[in-house]
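entry-v1.cif (mmCIF, C-alpha atoms and all ligand atoms)
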data_input
#
loop_
_atom_site.label_atom_id
_atom_site.label_comp_id
_atom_site.auth_asym_id
_atom_site.auth_seq_id
_atom_site.Cartn_x
_atom_site.Cartn_y
_atom_site.Cartn_z
CA MET A 1 40.90 -19.89 199.01
CA LEU A 2 39.18 -20.42 195.66
CA LEU A 3 37.66 -18.07 193.09
CA ARG A 4 35.10 -19.06 190.49
CA VAL A 5 36.67 -18.07 187.14
CA ILE A 6 34.92 -17.90 183.76
CA ASP A 7 37.99 -17.12 181.67
CA ILE A 8 41.54 -15.78 181.74
CA VAL A 9 42.78 -13.80 178.72
CA ALA A 10 46.41 -12.71 178.56
CA GLY A 11 47.44 -9.81 176.34
CA THR A 12 44.10 -8.00 176.00
CA SER A 13 44.06 -4.25 175.29
CA VAL A 14 40.39 -3.41 175.95
CA ASP A 15 40.20 -3.64 179.76
CA GLY A 16 42.59 -0.82 180.67
CA PRO A 17 45.86 0.67 179.45
CA HIS A 18 48.79 -1.50 178.27
CA LEU A 19 48.48 -5.16 177.40
CA ARG A 20 46.88 -6.85 180.40
CA THR A 21 45.88 -10.20 181.81
CA SER A 22 42.11 -10.07 182.25
CA ILE A 23 40.44 -12.45 184.68
CA TYR A 24 36.67 -12.83 184.29
CA LEU A 25 34.97 -13.89 187.52
CA ALA A 26 31.55 -15.54 187.78
CA GLY A 27 28.47 -14.02 189.39
CA CYS A 28 26.68 -10.68 189.13
CA ILE A 29 23.55 -9.38 190.88
CA HIS A 30 23.14 -6.19 188.84
CA HIS A 31 21.49 -7.70 185.75
CA CYS A 32 21.90 -4.52 183.68
CA PRO A 33 19.60 -4.48 180.61
CA GLY A 34 21.86 -4.78 177.56
CA CYS A 35 24.68 -6.51 179.49
CA HIS A 36 27.19 -7.86 176.96
CA ASN A 37 27.62 -11.12 178.87
CA PRO A 38 24.53 -12.30 180.81
CA GLN A 39 25.95 -15.84 181.02
CA SER A 40 28.45 -14.39 183.50
CA TRP A 41 25.69 -13.70 186.05
CA ASP A 42 25.49 -17.36 187.09
CA PRO A 43 27.14 -17.65 190.54
CA SER A 44 27.97 -21.29 189.82
CA GLY A 45 29.40 -20.61 186.36
CA GLY A 46 33.01 -21.06 185.33
CA HIS A 47 35.29 -23.26 187.40
CA LEU A 48 37.01 -23.00 190.77
CA VAL A 49 40.65 -21.88 190.70
CA ALA A 50 42.96 -21.57 193.71
CA ILE A 51 44.22 -18.06 194.36
CA ASP A 52 47.81 -19.32 194.36
CA ASP A 53 47.29 -20.70 190.84
CA LEU A 54 45.86 -17.36 189.67
CA LEU A 55 48.86 -15.58 191.15
CA ASP A 56 51.23 -17.89 189.30
CA ILE A 57 49.44 -17.22 185.99
CA ILE A 58 49.47 -13.44 186.49
CA VAL A 59 53.12 -13.33 187.46
CA ARG A 60 54.12 -15.66 184.60
CA GLU A 61 52.43 -13.38 182.06
CA GLU A 62 54.33 -10.33 183.41
CA MET A 63 51.46 -7.94 182.66
CA PRO A 64 49.21 -5.72 184.75
CA VAL A 65 45.88 -7.32 185.58
CA THR A 66 42.19 -6.51 185.20
CA LEU A 67 39.47 -8.22 187.22
CA SER A 68 36.15 -8.24 185.40
CA GLY A 69 33.17 -10.55 185.04
CA GLY A 70 30.43 -10.82 185.93
CA ASP A 71 31.09 -8.52 188.83
CA PRO A 72 34.29 -9.40 190.70
CA LEU A 73 32.79 -7.93 193.87
CA PHE A 74 30.26 -10.79 193.86
CA GLN A 75 33.25 -12.75 195.22
CA ALA A 76 34.51 -9.89 197.36
CA GLU A 77 36.32 -11.99 199.98
CA GLY A 78 38.29 -13.93 197.38
CA VAL A 79 39.12 -10.75 195.47
CA ALA A 80 40.37 -9.13 198.70
CA ALA A 81 42.68 -12.09 199.29
CA LEU A 82 43.91 -12.21 195.67
CA THR A 83 44.65 -8.49 195.37
CA HIS A 84 46.38 -8.37 198.74
CA LEU A 85 48.76 -11.15 197.69
CA LEU A 86 49.11 -9.75 194.17
CA LYS A 87 50.26 -6.33 195.38
CA ASP A 88 52.91 -8.05 197.42
CA ARG A 89 53.98 -10.30 194.54
CA TYR A 90 54.25 -7.35 192.12
CA LYS A 91 56.57 -5.55 194.52
CA THR A 92 58.93 -8.50 194.85
CA SER A 93 58.67 -9.92 191.32
CA PHE A 94 58.45 -6.81 189.17
CA PRO A 95 59.93 -3.76 190.87
CA SER A 96 61.07 -2.40 187.50
CA PHE A 97 57.76 -3.06 185.70
CA ARG A 98 55.89 -1.06 188.31
CA LYS A 99 57.57 2.12 187.17
CA GLY A 100 56.38 1.70 183.59
CA TRP A 101 52.87 0.83 184.67
CA GLY A 102 52.57 3.85 186.89
CA GLU A 103 50.04 3.12 189.58
CA ALA A 104 47.71 1.22 187.26
CA ASP A 105 48.71 -2.35 188.07
CA ILE A 106 45.31 -3.69 189.09
CA TRP A 107 42.00 -2.57 187.53
CA LEU A 108 38.60 -3.83 188.65
CA TYR A 109 35.25 -3.46 186.86
CA THR A 110 32.12 -3.51 189.01
CA GLY A 111 28.41 -2.76 188.73
CA TYR A 112 28.48 -1.10 192.15
CA ARG A 113 28.97 2.64 192.38
CA TRP A 114 31.99 3.91 194.29
CA GLU A 115 29.78 5.38 197.02
CA GLN A 116 28.18 1.95 197.62
CA ILE A 117 31.59 0.30 197.79
CA VAL A 118 33.02 2.62 200.44
CA ALA A 119 29.83 2.28 202.52
CA THR A 120 30.05 -1.55 202.56
CA PRO A 121 33.00 -2.98 204.52
CA ARG A 122 33.33 -6.27 202.57
CA LEU A 123 33.35 -4.40 199.24
CA LEU A 124 35.75 -1.77 200.53
CA ASP A 125 38.15 -4.49 201.71
CA ALA A 126 38.10 -5.97 198.21
CA VAL A 127 39.27 -2.74 196.54
CA ARG A 128 41.88 -1.54 199.06
CA ASN A 129 44.70 -3.08 197.00
CA VAL A 130 43.16 -2.26 193.64
CA ASP A 131 44.58 0.75 191.78
CA VAL A 132 41.64 1.62 189.54
CA VAL A 133 37.91 0.86 189.83
CA VAL A 134 35.61 1.31 186.83
CA ASP A 135 32.28 1.71 188.62
CA GLY A 136 28.55 1.56 188.07
CA PRO A 137 26.08 -0.50 186.07
CA PHE A 138 25.96 -0.47 182.29
CA VAL A 139 23.11 1.90 181.30
CA GLN A 140 21.87 1.26 177.80
CA SER A 141 20.52 4.81 177.27
CA LEU A 142 23.98 6.16 178.15
CA ARG A 143 25.89 3.72 175.92
CA ASP A 144 28.76 5.48 174.14
CA THR A 145 31.16 3.53 171.95
CA THR A 146 33.65 6.41 171.86
CA LEU A 147 34.40 6.13 175.60
CA LEU A 148 37.71 4.63 176.59
CA PHE A 149 37.54 1.42 178.70
CA ARG A 150 33.83 1.70 179.63
CA GLY A 151 30.48 1.12 178.00
CA SER A 152 28.20 3.91 179.25
CA SER A 153 28.86 7.48 180.31
CA ASN A 154 27.67 7.01 183.91
CA GLN A 155 30.63 4.70 184.55
CA ARG A 156 33.70 6.34 186.07
CA ILE A 157 37.38 5.39 185.94
CA ILE A 158 38.37 5.98 189.55
CA ASP A 159 41.79 6.40 191.13
CA VAL A 160 41.35 4.28 194.27
CA ALA A 161 44.22 5.65 196.39
CA ALA A 162 43.31 9.27 195.68
CA SER A 163 39.63 8.60 196.30
CA LEU A 164 40.23 6.85 199.62
CA ALA A 165 42.51 9.70 200.72
CA SER A 166 40.07 12.44 199.75
CA GLY A 167 36.80 10.78 200.79
CA SER A 168 35.17 11.11 197.35
CA ALA A 169 35.52 9.55 193.91
CA ILE A 170 38.51 11.01 192.05
CA PRO A 171 38.80 10.23 188.33
CA LEU A 172 42.04 8.66 187.14
CA SER A 173 44.18 10.83 184.91
CA LEU A 174 44.87 8.76 181.78
CA ASP A 175 47.49 11.17 180.37
S1 LIG A 201 27.52 -5.22 186.15
FE1 LIG A 201 28.54 -5.83 184.24
S2 LIG A 201 28.31 -8.08 184.18
FE2 LIG A 201 26.87 -7.32 185.69
S3 LIG A 201 24.94 -7.07 184.54
FE3 LIG A 201 25.97 -5.09 184.54
S4 LIG A 201 27.17 -5.07 182.63
FE4 LIG A 201 26.59 -7.21 183.05
#

Please rewrite the model in this file as structure tokens.
Amino acid sequence: MLLRVIDIVAGTSVDGPHLRTSIYLAGCIHHCPGCHNPQSWDPSGGHLVAIDDLLDIIVREEMPVTLSGGDPLFQAEGVAALTHLLKDRYKTSFPSFRKGWGEADIWLYTGYRWEQIVATPRLLDAVRNVDVVVDGPFVQSLRDTTLLFRGSSNQRIIDVAASLASGSAIPLSLD
């Protein structure tokens, strides 16, 4: 399976805690006014990369990963396949790293709200193996540059496992 990738940046510190490998995926239907990267909306942007090649890059960098874009859930089926394999690869390749990373191995930024994701099977499948979802569109009137890892105050940093277990969005504790 292939994913359409705009860019891969290893060692970034702005897309979640710790140094991370960020993968920017093409395509977004949300078209938020004030979006920092409207070029990323193009569904045919970037270039096609095999999931196995992405896995090799992520594992070689030995860092936790963030999926951003665009909206990664525009390519929900590919993201489901990548994160499923990635979870498995982390367990076998980096059992000791996992401890240091806590449960924050895989972050995903999306313009969908959590409630829309859980109500839509193909989106829900794409986040089952993700640890943290930063949800919701960027809202210019709620822009706040003091917020950690998000652009506007409507966006939530959500603990996926806790939220799926409880049936509602549970914020991640960043302590
Ligand atoms: S969801 Fe993100 S990439 Fe898409 S329009 Fe909004 S800010 Fe831009």

**Item:** 7 Å shell around ligand LIG 201 (chain A) using only C-alpha atoms and all ligand atoms, listed as a list in words
**Value:**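 Residues satisfying the distance criterion: Cys28, Ile29, His30, His31, Cys32, Cys35, His36, Asn37, Pro38, Ser40, Trp41, Gly69, Gly70, Asp71, Thr110, Gly111, Pro137 and Phe138 of chain A.
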
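The two atoms in question, CA of Leu86 (chain A) and CA of Leu147 (chain A), are spaced 28.5 Å apart.
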
**Item:** Contact residues around Val132 (chain A) with only C-alpha atoms at 6 Å, ignoring same-chain residues under 6 positions, as a PyMOL selection string
**Value:** chain A and resi 107+158-160

**Request:** Skip Glu77 (chain A) itself and residues of its chain fewer than 5 positions away, then list as a list in words all residues within 10 Å of it, counting only C-alpha atoms.
**Result:**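 Selected residues are Met1, Leu2, Leu3, Pro72, Leu82, Arg122, Leu123, Asp125 and Ala126 of chain A.
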
**Item:** CA of Gly46 (chain A) to CA of Met63 (chain A), distance in Å rounded to a single decimal
**Value:**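 That distance, rounded to one decimal, is 22.8 Å.
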
**Request:** Between CA of Arg156 (chain A) and CA of Gly136 (chain A), measure the distance and give it in Å to one decimal.
**Result:**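 Rounded to one decimal, the two atoms are 7.3 Å apart.
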
Could the residues of region 144-173 of chain A that have an atom at most 9 Å from region 15-23 of chain A be listed as JSON lines, each with its closest atom pair and the distance in Å to one decimal, counting all atoms listed in the file and ordered by chain and ascending residue number?
{"residue": "A:Leu148", "atom": "CA", "partner": "A:Gly16", "partner_atom": "CA", "distance": 8.4}
{"residue": "A:Phe149", "atom": "CA", "partner": "A:Asp15", "partner_atom": "CA", "distance": 5.8}
{"residue": "A:Arg150", "atom": "CA", "partner": "A:Asp15", "partner_atom": "CA", "distance": 8.3}

**Message:** Using only C-alpha atoms, which protein or nucleic acid residues come within 12 Å of region 48-58 of chain A? Drop anything in the same chain fewer than 2 positions from it, and give the result as a ChimeraX atom specification.
**Reply:** /A:1-11,20-26,43-46,60-67,75,77-90,93-94,105-106

Output C-alpha atoms for every residue in that selection, as a PDB file, in the coordinates of the input.
ATOM      1  CA  MET A   1      40.900 -19.890 199.010  1.00  0.00           C
ATOM      2  CA  LEU A   2      39.180 -20.420 195.660  1.00  0.00           C
ATOM      3  CA  LEU A   3      37.660 -18.070 193.090  1.00  0.00           C
ATOM      4  CA  ARG A   4      35.100 -19.060 190.490  1.00  0.00           C
ATOM      5  CA  VAL A   5      36.670 -18.070 187.140  1.00  0.00           C
ATOM      6  CA  ILE A   6      34.920 -17.900 183.760  1.00  0.00           C
ATOM      7  CA  ASP A   7      37.990 -17.120 181.670  1.00  0.00           C
ATOM      8  CA  ILE A   8      41.540 -15.780 181.740  1.00  0.00           C
ATOM      9  CA  VAL A   9      42.780 -13.800 178.720  1.00  0.00           C
ATOM     10  CA  ALA A  10      46.410 -12.710 178.560  1.00  0.00           C
ATOM     11  CA  GLY A  11      47.440  -9.810 176.340  1.00  0.00           C
ATOM     12  CA  ARG A  20      46.880  -6.850 180.400  1.00  0.00           C
ATOM     13  CA  THR A  21      45.880 -10.200 181.810  1.00  0.00           C
ATOM     14  CA  SER A  22      42.110 -10.070 182.250  1.00  0.00           C
ATOM     15  CA  ILE A  23      40.440 -12.450 184.680  1.00  0.00           C
ATOM     16  CA  TYR A  24      36.670 -12.830 184.290  1.00  0.00           C
ATOM     17  CA  LEU A  25      34.970 -13.890 187.520  1.00  0.00           C
ATOM     18  CA  ALA A  26      31.550 -15.540 187.780  1.00  0.00           C
ATOM     19  CA  PRO A  43      27.140 -17.650 190.540  1.00  0.00           C
ATOM     20  CA  SER A  44      27.970 -21.290 189.820  1.00  0.00           C
ATOM     21  CA  GLY A  45      29.400 -20.610 186.360  1.00  0.00           C
ATOM     22  CA  GLY A  46      33.010 -21.060 185.330  1.00  0.00           C
ATOM     23  CA  ARG A  60      54.120 -15.660 184.600  1.00  0.00           C
ATOM     24  CA  GLU A  61      52.430 -13.380 182.060  1.00  0.00           C
ATOM     25  CA  GLU A  62      54.330 -10.330 183.410  1.00  0.00           C
ATOM     26  CA  MET A  63      51.460  -7.940 182.660  1.00  0.00           C
ATOM     27  CA  PRO A  64      49.210  -5.720 184.750  1.00  0.00           C
ATOM     28  CA  VAL A  65      45.880  -7.320 185.580  1.00  0.00           C
ATOM     29  CA  THR A  66      42.190  -6.510 185.200  1.00  0.00           C
ATOM     30  CA  LEU A  67      39.470  -8.220 187.220  1.00  0.00           C
ATOM     31  CA  GLN A  75      33.250 -12.750 195.220  1.00  0.00           C
ATOM     32  CA  GLU A  77      36.320 -11.990 199.980  1.00  0.00           C
ATOM     33  CA  GLY A  78      38.290 -13.930 197.380  1.00  0.00           C
ATOM     34  CA  VAL A  79      39.120 -10.750 195.470  1.00  0.00           C
ATOM     35  CA  ALA A  80      40.370  -9.130 198.700  1.00  0.00           C
ATOM     36  CA  ALA A  81      42.680 -12.090 199.290  1.00  0.00           C
ATOM     37  CA  LEU A  82      43.910 -12.210 195.670  1.00  0.00           C
ATOM     38  CA  THR A  83      44.650  -8.490 195.370  1.00  0.00           C
ATOM     39  CA  HIS A  84      46.380  -8.370 198.740  1.00  0.00           C
ATOM     40  CA  LEU A  85      48.760 -11.150 197.690  1.00  0.00           C
ATOM     41  CA  LEU A  86      49.110  -9.750 194.170  1.00  0.00           C
ATOM     42  CA  LYS A  87      50.260  -6.330 195.380  1.00  0.00           C
ATOM     43  CA  ASP A  88      52.910  -8.050 197.420  1.00  0.00           C
ATOM     44  CA  ARG A  89      53.980 -10.300 194.540  1.00  0.00           C
ATOM     45  CA  TYR A  90      54.250  -7.350 192.120  1.00  0.00           C
ATOM     46  CA  SER A  93      58.670  -9.920 191.320  1.00  0.00           C
ATOM     47  CA  PHE A  94      58.450  -6.810 189.170  1.00  0.00           C
ATOM     48  CA  ASP A 105      48.710  -2.350 188.070  1.00  0.00           C
ATOM     49  CA  ILE A 106      45.310  -3.690 189.090  1.00  0.00           C
TER      50      ILE A 106
END

**Request:** Check the smallest atom-to-atom distance from each of A:Pro121, A:Gly27, A:Pro171, A:Gly34 to Asp135 (chain A) using all atoms listed in the file, then report the winner.
**Result:** A:Pro171

**Prompt:** Hey, what's within 12 Å of Ala119 (chain A) if we count only C-alpha atoms and toss same-chain stuff fewer than 6 positions away? As JSON, numbers by chain, please?
**Reply:** {"A": [112, 113, 125, 164, 167, 168]}

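Comparing the minimum interatomic distances between Gln140 (chain A) and each of A:Ala165, A:Ile157, A:Pro33, A:Val14, counting only C-alpha atoms, we find that A:Pro33 sits nearest.
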
Would you save region 2-16 of chain A to a file, keeping N, CA, C and O atoms, as a PDB file, in the first residue's frame?
ATOM      1  N   LEU A   2       0.362   2.305  -0.630  1.00  0.00           N
ATOM      2  CA  LEU A   2       1.133   3.541  -0.780  1.00  0.00           C
ATOM      3  C   LEU A   2       0.451   4.693  -0.051  1.00  0.00           C
ATOM      4  O   LEU A   2      -0.775   4.729   0.059  1.00  0.00           O
ATOM      5  N   LEU A   3       1.248   5.628   0.438  1.00  0.00           N
ATOM      6  CA  LEU A   3       0.720   6.873   1.004  1.00  0.00           C
ATOM      7  C   LEU A   3       1.322   8.044   0.230  1.00  0.00           C
ATOM      8  O   LEU A   3       2.488   7.986  -0.185  1.00  0.00           O
ATOM      9  N   ARG A   4       0.525   9.082   0.050  1.00  0.00           N
ATOM     10  CA  ARG A   4       1.029  10.269  -0.647  1.00  0.00           C
ATOM     11  C   ARG A   4       1.644  11.211   0.393  1.00  0.00           C
ATOM     12  O   ARG A   4       0.938  11.735   1.261  1.00  0.00           O
ATOM     13  N   VAL A   5       2.952  11.398   0.326  1.00  0.00           N
ATOM     14  CA  VAL A   5       3.726  12.093   1.359  1.00  0.00           C
ATOM     15  C   VAL A   5       4.257  13.412   0.818  1.00  0.00           C
ATOM     16  O   VAL A   5       4.876  13.449  -0.253  1.00  0.00           O
ATOM     17  N   ILE A   6       4.032  14.496   1.584  1.00  0.00           N
ATOM     18  CA  ILE A   6       4.573  15.808   1.202  1.00  0.00           C
ATOM     19  C   ILE A   6       6.015  15.949   1.686  1.00  0.00           C
ATOM     20  O   ILE A   6       6.888  16.429   0.984  1.00  0.00           O
ATOM     21  N   ASP A   7       6.251  15.523   2.930  1.00  0.00           N
ATOM     22  CA  ASP A   7       7.588  15.711   3.503  1.00  0.00           C
ATOM     23  C   ASP A   7       7.767  14.787   4.713  1.00  0.00           C
ATOM     24  O   ASP A   7       6.776  14.374   5.343  1.00  0.00           O
ATOM     25  N   ILE A   8       9.010  14.511   5.012  1.00  0.00           N
ATOM     26  CA  ILE A   8       9.365  13.752   6.220  1.00  0.00           C
ATOM     27  C   ILE A   8      10.469  14.548   6.913  1.00  0.00           C
ATOM     28  O   ILE A   8      11.486  14.866   6.287  1.00  0.00           O
ATOM     29  N   VAL A   9      10.238  14.902   8.187  1.00  0.00           N
ATOM     30  CA  VAL A   9      11.233  15.690   8.924  1.00  0.00           C
ATOM     31  C   VAL A   9      11.602  14.921  10.191  1.00  0.00           C
ATOM     32  O   VAL A   9      10.740  14.675  11.041  1.00  0.00           O
ATOM     33  N   ALA A  10      12.847  14.551  10.300  1.00  0.00           N
ATOM     34  CA  ALA A  10      13.305  13.823  11.482  1.00  0.00           C
ATOM     35  C   ALA A  10      13.883  14.812  12.487  1.00  0.00           C
ATOM     36  O   ALA A  10      14.579  15.759  12.112  1.00  0.00           O
ATOM     37  N   GLY A  11      13.565  14.611  13.766  1.00  0.00           N
ATOM     38  CA  GLY A  11      14.162  15.433  14.814  1.00  0.00           C
ATOM     39  C   GLY A  11      13.427  16.726  15.088  1.00  0.00           C
ATOM     40  O   GLY A  11      14.008  17.666  15.636  1.00  0.00           O
ATOM     41  N   THR A  12      12.140  16.814  14.748  1.00  0.00           N
ATOM     42  CA  THR A  12      11.384  18.039  15.027  1.00  0.00           C
ATOM     43  C   THR A  12      10.863  18.017  16.470  1.00  0.00           C
ATOM     44  O   THR A  12      10.621  16.958  17.039  1.00  0.00           O
ATOM     45  N   SER A  13      10.687  19.212  17.045  1.00  0.00           N
ATOM     46  CA  SER A  13      10.239  19.286  18.443  1.00  0.00           C
ATOM     47  C   SER A  13       8.906  20.017  18.577  1.00  0.00           C
ATOM     48  O   SER A  13       8.466  20.292  19.687  1.00  0.00           O
ATOM     49  N   VAL A  14       8.247  20.329  17.444  1.00  0.00           N
ATOM     50  CA  VAL A  14       7.023  21.138  17.527  1.00  0.00           C
ATOM     51  C   VAL A  14       5.742  20.322  17.386  1.00  0.00           C
ATOM     52  O   VAL A  14       4.656  20.831  17.637  1.00  0.00           O
ATOM     53  N   ASP A  15       5.844  19.068  17.013  1.00  0.00           N
ATOM     54  CA  ASP A  15       4.648  18.255  16.738  1.00  0.00           C
ATOM     55  C   ASP A  15       4.398  17.208  17.814  1.00  0.00           C
ATOM     56  O   ASP A  15       3.937  16.104  17.521  1.00  0.00           O
ATOM     57  N   GLY A  16       4.684  17.569  19.080  1.00  0.00           N
ATOM     58  CA  GLY A  16       4.514  16.603  20.166  1.00  0.00           C
ATOM     59  C   GLY A  16       5.764  16.573  21.012  1.00  0.00           C
ATOM     60  O   GLY A  16       6.780  17.185  20.659  1.00  0.00           O
TER      61      GLY A  16
END
